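**Q** Data: work_20.cif, mmCIF, N, CA and C atoms.
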data_input
loop_
_atom_site.label_atom_id
_atom_site.label_comp_id
_atom_site.auth_asym_id
_atom_site.auth_seq_id
_atom_site.Cartn_x
_atom_site.Cartn_y
_atom_site.Cartn_z
N ASP A 1 -28.81 100.09 0.27
CA ASP A 1 -28.62 98.85 0.98
C ASP A 1 -29.09 99.01 2.42
N MET A 2 -29.01 97.97 3.19
CA MET A 2 -29.53 98.02 4.55
C MET A 2 -28.60 98.79 5.49
N ASP A 3 -27.44 99.19 5.00
CA ASP A 3 -26.55 100.04 5.78
C ASP A 3 -26.79 101.52 5.49
N GLY A 4 -27.79 101.80 4.66
CA GLY A 4 -28.14 103.18 4.37
C GLY A 4 -27.38 103.84 3.24
N ARG A 5 -26.81 103.04 2.36
CA ARG A 5 -26.10 103.58 1.20
C ARG A 5 -26.91 103.31 -0.06
N VAL A 6 -26.89 104.26 -0.97
CA VAL A 6 -27.58 104.11 -2.25
C VAL A 6 -26.82 103.09 -3.09
N THR A 7 -27.54 102.11 -3.62
CA THR A 7 -26.91 101.11 -4.49
C THR A 7 -27.29 101.29 -5.95
N GLY A 8 -28.32 102.07 -6.21
CA GLY A 8 -28.75 102.34 -7.58
C GLY A 8 -30.06 103.09 -7.57
N LEU A 9 -30.42 103.62 -8.72
CA LEU A 9 -31.67 104.36 -8.86
C LEU A 9 -32.41 103.88 -10.09
N ALA A 10 -33.72 103.90 -9.99
CA ALA A 10 -34.58 103.63 -11.13
C ALA A 10 -35.72 104.64 -11.09
N ILE A 11 -35.82 105.45 -12.11
CA ILE A 11 -36.92 106.40 -12.22
C ILE A 11 -37.99 105.71 -13.05
N THR A 12 -39.12 105.44 -12.42
CA THR A 12 -40.17 104.67 -13.09
C THR A 12 -41.25 105.53 -13.72
N ASP A 13 -41.33 106.80 -13.30
CA ASP A 13 -42.37 107.67 -13.84
C ASP A 13 -41.96 109.13 -13.63
N HIS A 14 -42.32 109.97 -14.55
CA HIS A 14 -42.11 111.41 -14.38
C HIS A 14 -43.11 112.15 -15.26
N LYS A 15 -43.30 113.42 -14.94
CA LYS A 15 -44.26 114.24 -15.68
C LYS A 15 -43.57 115.37 -16.45
N GLU A 16 -42.25 115.36 -16.49
CA GLU A 16 -41.48 116.40 -17.17
C GLU A 16 -41.41 116.15 -18.67
N THR A 17 -41.17 117.20 -19.41
CA THR A 17 -40.91 117.09 -20.84
C THR A 17 -39.57 116.39 -21.01
N LEU A 18 -39.54 115.37 -21.85
CA LEU A 18 -38.33 114.54 -21.98
C LEU A 18 -37.11 115.38 -22.32
N SER A 19 -37.24 116.35 -23.19
CA SER A 19 -36.07 117.15 -23.57
C SER A 19 -35.51 117.94 -22.38
N VAL A 20 -36.34 118.25 -21.40
CA VAL A 20 -35.90 118.99 -20.21
C VAL A 20 -35.22 118.05 -19.22
N VAL A 21 -35.76 116.88 -19.04
CA VAL A 21 -35.31 115.99 -17.98
C VAL A 21 -34.30 114.94 -18.43
N GLU A 22 -34.05 114.85 -19.72
CA GLU A 22 -33.19 113.81 -20.27
C GLU A 22 -31.82 113.71 -19.60
N LYS A 23 -31.15 114.84 -19.40
CA LYS A 23 -29.82 114.82 -18.77
C LYS A 23 -29.90 114.37 -17.31
N ALA A 24 -30.93 114.82 -16.61
CA ALA A 24 -31.08 114.46 -15.21
C ALA A 24 -31.31 112.96 -15.05
N LEU A 25 -31.94 112.35 -16.03
CA LEU A 25 -32.24 110.91 -15.97
C LEU A 25 -31.15 110.04 -16.58
N SER A 26 -30.10 110.65 -17.07
CA SER A 26 -29.04 109.87 -17.71
C SER A 26 -28.36 108.94 -16.69
N GLU A 27 -27.86 107.85 -17.19
CA GLU A 27 -27.18 106.88 -16.32
C GLU A 27 -26.02 107.51 -15.58
N GLY A 28 -25.27 108.34 -16.27
CA GLY A 28 -24.13 109.00 -15.64
C GLY A 28 -24.54 109.90 -14.49
N ASN A 29 -25.63 110.63 -14.66
CA ASN A 29 -26.10 111.49 -13.57
C ASN A 29 -26.60 110.66 -12.40
N LEU A 30 -27.38 109.64 -12.66
CA LEU A 30 -27.94 108.82 -11.58
C LEU A 30 -26.85 108.09 -10.80
N LYS A 31 -25.75 107.73 -11.46
CA LYS A 31 -24.65 107.05 -10.78
C LYS A 31 -23.98 107.92 -9.73
N ARG A 32 -24.17 109.24 -9.82
CA ARG A 32 -23.55 110.14 -8.84
C ARG A 32 -24.13 109.94 -7.44
N TYR A 33 -25.28 109.30 -7.35
CA TYR A 33 -25.91 109.05 -6.05
C TYR A 33 -25.43 107.74 -5.40
N VAL A 34 -24.92 106.83 -6.21
CA VAL A 34 -24.52 105.51 -5.72
C VAL A 34 -23.38 105.64 -4.70
N GLY A 35 -23.54 104.95 -3.59
CA GLY A 35 -22.54 104.94 -2.53
C GLY A 35 -22.76 106.02 -1.48
N ARG A 36 -23.67 106.94 -1.74
CA ARG A 36 -23.92 108.01 -0.77
C ARG A 36 -24.88 107.55 0.31
N SER A 37 -24.81 108.21 1.44
CA SER A 37 -25.71 107.91 2.56
C SER A 37 -26.02 109.22 3.28
N GLY A 38 -26.87 109.15 4.27
CA GLY A 38 -27.25 110.36 5.00
C GLY A 38 -28.17 111.22 4.17
N THR A 39 -28.18 112.50 4.45
CA THR A 39 -29.00 113.43 3.68
C THR A 39 -28.17 114.01 2.55
N ILE A 40 -28.64 113.84 1.34
CA ILE A 40 -27.95 114.38 0.18
C ILE A 40 -28.47 115.79 -0.05
N ARG A 41 -27.56 116.70 -0.28
CA ARG A 41 -27.91 118.12 -0.39
C ARG A 41 -27.66 118.65 -1.80
N ASP A 42 -28.17 119.87 -2.05
CA ASP A 42 -27.95 120.54 -3.34
C ASP A 42 -26.59 121.19 -3.42
N SER A 43 -26.02 121.53 -2.26
CA SER A 43 -24.69 122.16 -2.25
C SER A 43 -24.01 121.86 -0.93
N GLY A 44 -22.71 122.07 -0.90
CA GLY A 44 -21.95 121.83 0.32
C GLY A 44 -21.65 120.36 0.53
N TYR A 45 -21.52 119.99 1.81
CA TYR A 45 -21.16 118.63 2.19
C TYR A 45 -22.20 117.64 1.69
N ASN A 46 -21.77 116.51 1.18
CA ASN A 46 -22.62 115.41 0.70
C ASN A 46 -23.65 115.91 -0.33
N SER A 47 -23.18 116.65 -1.29
CA SER A 47 -24.10 117.21 -2.28
C SER A 47 -23.95 116.56 -3.64
N VAL A 48 -25.04 116.61 -4.39
CA VAL A 48 -25.05 116.24 -5.79
C VAL A 48 -25.57 117.47 -6.51
N ASP A 49 -24.74 118.05 -7.37
CA ASP A 49 -25.13 119.27 -8.08
C ASP A 49 -26.29 119.01 -9.03
N ALA A 50 -27.18 119.98 -9.15
CA ALA A 50 -28.28 119.90 -10.09
C ALA A 50 -27.73 119.95 -11.51
N VAL A 51 -28.43 119.30 -12.41
CA VAL A 51 -28.05 119.31 -13.82
C VAL A 51 -28.54 120.62 -14.43
N ALA A 52 -27.66 121.31 -15.14
CA ALA A 52 -28.03 122.57 -15.80
C ALA A 52 -29.21 122.34 -16.74
N GLY A 53 -30.22 123.17 -16.61
CA GLY A 53 -31.40 123.06 -17.46
C GLY A 53 -32.44 122.09 -16.94
N ALA A 54 -32.11 121.39 -15.87
CA ALA A 54 -33.05 120.41 -15.29
C ALA A 54 -32.99 120.48 -13.77
N THR A 55 -32.95 121.71 -13.26
CA THR A 55 -32.80 121.90 -11.81
C THR A 55 -33.95 121.28 -11.03
N ALA A 56 -35.18 121.51 -11.46
CA ALA A 56 -36.34 120.97 -10.74
C ALA A 56 -36.32 119.45 -10.74
N ALA A 57 -36.00 118.86 -11.88
CA ALA A 57 -35.94 117.40 -11.97
C ALA A 57 -34.81 116.86 -11.10
N SER A 58 -33.67 117.54 -11.10
CA SER A 58 -32.55 117.11 -10.26
C SER A 58 -32.91 117.14 -8.79
N ARG A 59 -33.60 118.20 -8.38
CA ARG A 59 -34.02 118.30 -6.97
C ARG A 59 -35.05 117.24 -6.63
N ALA A 60 -35.93 116.93 -7.57
CA ALA A 60 -36.93 115.88 -7.33
C ALA A 60 -36.26 114.52 -7.16
N ILE A 61 -35.24 114.25 -7.94
CA ILE A 61 -34.50 112.99 -7.81
C ILE A 61 -33.82 112.95 -6.44
N THR A 62 -33.16 114.02 -6.07
CA THR A 62 -32.49 114.08 -4.76
C THR A 62 -33.51 113.91 -3.63
N ASP A 63 -34.65 114.55 -3.73
CA ASP A 63 -35.70 114.40 -2.71
C ASP A 63 -36.16 112.94 -2.60
N GLY A 64 -36.34 112.29 -3.74
CA GLY A 64 -36.75 110.88 -3.73
C GLY A 64 -35.71 109.97 -3.10
N VAL A 65 -34.45 110.21 -3.42
CA VAL A 65 -33.36 109.43 -2.82
C VAL A 65 -33.34 109.66 -1.31
N ASN A 66 -33.48 110.91 -0.88
CA ASN A 66 -33.48 111.21 0.55
C ASN A 66 -34.66 110.55 1.26
N GLN A 67 -35.82 110.50 0.62
CA GLN A 67 -36.97 109.82 1.21
C GLN A 67 -36.69 108.32 1.39
N ALA A 68 -36.12 107.70 0.38
CA ALA A 68 -35.79 106.28 0.47
C ALA A 68 -34.76 106.02 1.56
N LEU A 69 -33.73 106.88 1.66
CA LEU A 69 -32.72 106.72 2.70
C LEU A 69 -33.34 106.88 4.09
N ALA A 70 -34.28 107.79 4.23
CA ALA A 70 -34.94 108.01 5.52
C ALA A 70 -35.78 106.80 5.91
N ILE A 71 -36.43 106.18 4.95
CA ILE A 71 -37.23 104.98 5.23
C ILE A 71 -36.33 103.86 5.74
N VAL A 72 -35.23 103.63 5.04
CA VAL A 72 -34.30 102.57 5.46
C VAL A 72 -33.73 102.88 6.84
N ALA A 73 -33.39 104.13 7.10
CA ALA A 73 -32.83 104.52 8.39
C ALA A 73 -33.83 104.29 9.52
N GLY A 74 -35.11 104.38 9.22
CA GLY A 74 -36.15 104.22 10.23
C GLY A 74 -36.54 102.78 10.51
N LEU A 75 -36.04 101.85 9.73
CA LEU A 75 -36.38 100.44 9.94
C LEU A 75 -35.62 99.88 11.14
N SER A 76 -36.32 99.07 11.93
CA SER A 76 -35.64 98.37 13.02
C SER A 76 -34.82 97.23 12.43
N GLU A 77 -33.94 96.65 13.22
CA GLU A 77 -33.13 95.52 12.75
C GLU A 77 -34.02 94.36 12.30
N GLU A 78 -35.09 94.11 13.03
CA GLU A 78 -36.01 93.01 12.68
C GLU A 78 -36.68 93.30 11.34
N GLN A 79 -37.11 94.53 11.13
CA GLN A 79 -37.73 94.90 9.86
C GLN A 79 -36.73 94.78 8.72
N ARG A 80 -35.49 95.13 8.97
CA ARG A 80 -34.46 95.02 7.93
C ARG A 80 -34.27 93.57 7.53
N LEU A 81 -34.25 92.67 8.50
CA LEU A 81 -34.09 91.25 8.19
C LEU A 81 -35.28 90.73 7.41
N GLU A 82 -36.48 91.14 7.79
CA GLU A 82 -37.68 90.72 7.07
C GLU A 82 -37.65 91.23 5.64
N PHE A 83 -37.22 92.47 5.46
CA PHE A 83 -37.14 93.06 4.13
C PHE A 83 -36.14 92.28 3.27
N GLU A 84 -34.96 92.01 3.81
CA GLU A 84 -33.95 91.28 3.05
C GLU A 84 -34.44 89.90 2.65
N GLU A 85 -35.13 89.22 3.57
CA GLU A 85 -35.63 87.88 3.26
C GLU A 85 -36.72 87.93 2.19
N SER A 86 -37.59 88.93 2.23
CA SER A 86 -38.64 89.02 1.24
C SER A 86 -38.08 89.31 -0.15
N GLU A 87 -36.96 89.99 -0.22
CA GLU A 87 -36.33 90.27 -1.50
C GLU A 87 -35.81 88.99 -2.17
N LEU A 88 -35.54 87.97 -1.37
CA LEU A 88 -35.00 86.72 -1.90
C LEU A 88 -36.09 85.80 -2.43
N GLU A 89 -37.32 86.02 -2.04
CA GLU A 89 -38.42 85.13 -2.44
C GLU A 89 -38.84 85.36 -3.86
#
What does this structure look like when you write it as structure tokens?

**A**
Amino acid sequence: DMDGRVTGLAITDHKETLSVVEKALSEGNLKRYVGRSGTIRDSGYNSVDAVAGATAASRAITDGVNQALAIVAGLSEEQRLEFEESELE
């Protein structure tokens, strides 16, 4: 959201073998990111643990979420308003 919190995730493309990445892409796993803000880490404060057997995919998801959060954090108030209005059209 425009306050810098994750409201949901959608993975639209990946190059991993489905049997390897299936758990990392599960709805339950992706929901662990919802409501988080700031920099999400692999361990410690504000962390989302990697899924066993899909560590690389889990890290890629976390990296993507962190990139999206950084983009939102870098928007000015005017850009945020423009973005919100364009979403309504």

**Q** Give me the residues near A:Val20 as number ranges by chain, where near means some atom within 8 Å (using all atoms listed in the file) and where sequence neighbours in that chain fewer than 6 positions away do not count.

**A** A: 52-55, 57

**Q** Can you check which residues of chain A DSSP gives as strand (DSSP E or B) on the backbone and send them as a ChimeraX atom specification?

**A** /A:5,37,41,47

**Q** Please evaluate the PyMOL selection byres (((chain A and resi 38 and name CA) around 8) and name CA) against the displayed coordinates and give the resulting residues as a ChimeraX atom specification.

**A** /A:4-5,36-37,39-40,66,69

**Q** Calculate how many Å separate atom C of A:Val34 from atom N of A:Ala56, rounding to one decimal.

**A**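 The value is 20.9 Å.
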
**Q** Write down as a PyMOL selection string the residues of chain A whose backbone DSSP state falls under helix (DSSP H, G or I).

**A** chain A and resi 18-21+27-33+55-74+77-88

**Q** Keeping only N, CA and C atoms, take the residues you just selected and write them out as a short mmCIF file (atom, residue, chain, number, x, y, z; two decimals), in the coordinates of the input.

**A**
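Output below, filename again_35.cif:
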data_model
loop_
_atom_site.label_atom_id
_atom_site.label_comp_id
_atom_site.auth_asym_id
_atom_site.auth_seq_id
_atom_site.Cartn_x
_atom_site.Cartn_y
_atom_site.Cartn_z
N LEU A 18 -39.54 115.37 -21.85
CA LEU A 18 -38.33 114.54 -21.98
C LEU A 18 -37.11 115.38 -22.32
N SER A 19 -37.24 116.35 -23.19
CA SER A 19 -36.07 117.15 -23.57
C SER A 19 -35.51 117.94 -22.38
N VAL A 20 -36.34 118.25 -21.40
CA VAL A 20 -35.90 118.99 -20.21
C VAL A 20 -35.22 118.05 -19.22
N VAL A 21 -35.76 116.88 -19.04
CA VAL A 21 -35.31 115.99 -17.98
C VAL A 21 -34.30 114.94 -18.43
N GLU A 27 -27.86 107.85 -17.19
CA GLU A 27 -27.18 106.88 -16.32
C GLU A 27 -26.02 107.51 -15.58
N GLY A 28 -25.27 108.34 -16.27
CA GLY A 28 -24.13 109.00 -15.64
C GLY A 28 -24.54 109.90 -14.49
N ASN A 29 -25.63 110.63 -14.66
CA ASN A 29 -26.10 111.49 -13.57
C ASN A 29 -26.60 110.66 -12.40
N LEU A 30 -27.38 109.64 -12.66
CA LEU A 30 -27.94 108.82 -11.58
C LEU A 30 -26.85 108.09 -10.80
N LYS A 31 -25.75 107.73 -11.46
CA LYS A 31 -24.65 107.05 -10.78
C LYS A 31 -23.98 107.92 -9.73
N ARG A 32 -24.17 109.24 -9.82
CA ARG A 32 -23.55 110.14 -8.84
C ARG A 32 -24.13 109.94 -7.44
N TYR A 33 -25.28 109.30 -7.35
CA TYR A 33 -25.91 109.05 -6.05
C TYR A 33 -25.43 107.74 -5.40
N THR A 55 -32.95 121.71 -13.26
CA THR A 55 -32.80 121.90 -11.81
C THR A 55 -33.95 121.28 -11.03
N ALA A 56 -35.18 121.51 -11.46
CA ALA A 56 -36.34 120.97 -10.74
C ALA A 56 -36.32 119.45 -10.74
N ALA A 57 -36.00 118.86 -11.88
CA ALA A 57 -35.94 117.40 -11.97
C ALA A 57 -34.81 116.86 -11.10
N SER A 58 -33.67 117.54 -11.10
CA SER A 58 -32.55 117.11 -10.26
C SER A 58 -32.91 117.14 -8.79
N ARG A 59 -33.60 118.20 -8.38
CA ARG A 59 -34.02 118.30 -6.97
C ARG A 59 -35.05 117.24 -6.63
N ALA A 60 -35.93 116.93 -7.57
CA ALA A 60 -36.93 115.88 -7.33
C ALA A 60 -36.26 114.52 -7.16
N ILE A 61 -35.24 114.25 -7.94
CA ILE A 61 -34.50 112.99 -7.81
C ILE A 61 -33.82 112.95 -6.44
N THR A 62 -33.16 114.02 -6.07
CA THR A 62 -32.49 114.08 -4.76
C THR A 62 -33.51 113.91 -3.63
N ASP A 63 -34.65 114.55 -3.73
CA ASP A 63 -35.70 114.40 -2.71
C ASP A 63 -36.16 112.94 -2.60
N GLY A 64 -36.34 112.29 -3.74
CA GLY A 64 -36.75 110.88 -3.73
C GLY A 64 -35.71 109.97 -3.10
N VAL A 65 -34.45 110.21 -3.42
CA VAL A 65 -33.36 109.43 -2.82
C VAL A 65 -33.34 109.66 -1.31
N ASN A 66 -33.48 110.91 -0.88
CA ASN A 66 -33.48 111.21 0.55
C ASN A 66 -34.66 110.55 1.26
N GLN A 67 -35.82 110.50 0.62
CA GLN A 67 -36.97 109.82 1.21
C GLN A 67 -36.69 108.32 1.39
N ALA A 68 -36.12 107.70 0.38
CA ALA A 68 -35.79 106.28 0.47
C ALA A 68 -34.76 106.02 1.56
N LEU A 69 -33.73 106.88 1.66
CA LEU A 69 -32.72 106.72 2.70
C LEU A 69 -33.34 106.88 4.09
N ALA A 70 -34.28 107.79 4.23
CA ALA A 70 -34.94 108.01 5.52
C ALA A 70 -35.78 106.80 5.91
N ILE A 71 -36.43 106.18 4.95
CA ILE A 71 -37.23 104.98 5.23
C ILE A 71 -36.33 103.86 5.74
N VAL A 72 -35.23 103.63 5.04
CA VAL A 72 -34.30 102.57 5.46
C VAL A 72 -33.73 102.88 6.84
N ALA A 73 -33.39 104.13 7.10
CA ALA A 73 -32.83 104.52 8.39
C ALA A 73 -33.83 104.29 9.52
N GLY A 74 -35.11 104.38 9.22
CA GLY A 74 -36.15 104.22 10.23
C GLY A 74 -36.54 102.78 10.51
N GLU A 77 -33.94 96.65 13.22
CA GLU A 77 -33.13 95.52 12.75
C GLU A 77 -34.02 94.36 12.30
N GLU A 78 -35.09 94.11 13.03
CA GLU A 78 -36.01 93.01 12.68
C GLU A 78 -36.68 93.30 11.34
N GLN A 79 -37.11 94.53 11.13
CA GLN A 79 -37.73 94.90 9.86
C GLN A 79 -36.73 94.78 8.72
N ARG A 80 -35.49 95.13 8.97
CA ARG A 80 -34.46 95.02 7.93
C ARG A 80 -34.27 93.57 7.53
N LEU A 81 -34.25 92.67 8.50
CA LEU A 81 -34.09 91.25 8.19
C LEU A 81 -35.28 90.73 7.41
N GLU A 82 -36.48 91.14 7.79
CA GLU A 82 -37.68 90.72 7.07
C GLU A 82 -37.65 91.23 5.64
N PHE A 83 -37.22 92.47 5.46
CA PHE A 83 -37.14 93.06 4.13
C PHE A 83 -36.14 92.28 3.27
N GLU A 84 -34.96 92.01 3.81
CA GLU A 84 -33.95 91.28 3.05
C GLU A 84 -34.44 89.90 2.65
N GLU A 85 -35.13 89.22 3.57
CA GLU A 85 -35.63 87.88 3.26
C GLU A 85 -36.72 87.93 2.19
N SER A 86 -37.59 88.93 2.23
CA SER A 86 -38.64 89.02 1.24
C SER A 86 -38.08 89.31 -0.15
N GLU A 87 -36.96 89.99 -0.22
CA GLU A 87 -36.33 90.27 -1.50
C GLU A 87 -35.81 88.99 -2.17
N LEU A 88 -35.54 87.97 -1.37
CA LEU A 88 -35.00 86.72 -1.90
C LEU A 88 -36.09 85.80 -2.43
#

**Q** Report, in Å to a single decimal, how far apart atom C of A:Ala50 and atom CA of A:Leu9 are.

**A** 16.3 Å

**Q** So the first atom is atom N of A:Val21 and the second is atom CA of A:Tyr45; what is the distance between them in Å, to one decimal place?

**A**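 Going from atom N of A:Val21 over to atom CA of A:Tyr45 covers 25.8 Å.
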
**Q** Could you list the residues chosen by the PyMOL selection byres (((chain A and resi 10 and name CA) around 12) and name CA) in this structure as a list in words?

**A**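 In the shown coordinates, the PyMOL selection byres (((chain A and resi 10 and name CA) around 12) and name CA) covers Val6, Thr7, Gly8, Leu9, Ile11, Thr12, Asp13, His14, Leu25, Ser26, Glu27, Asn29, Leu30, Lys31, Tyr33, Val34, Ile61, Gly64, Val65 and Ala68 of chain A.
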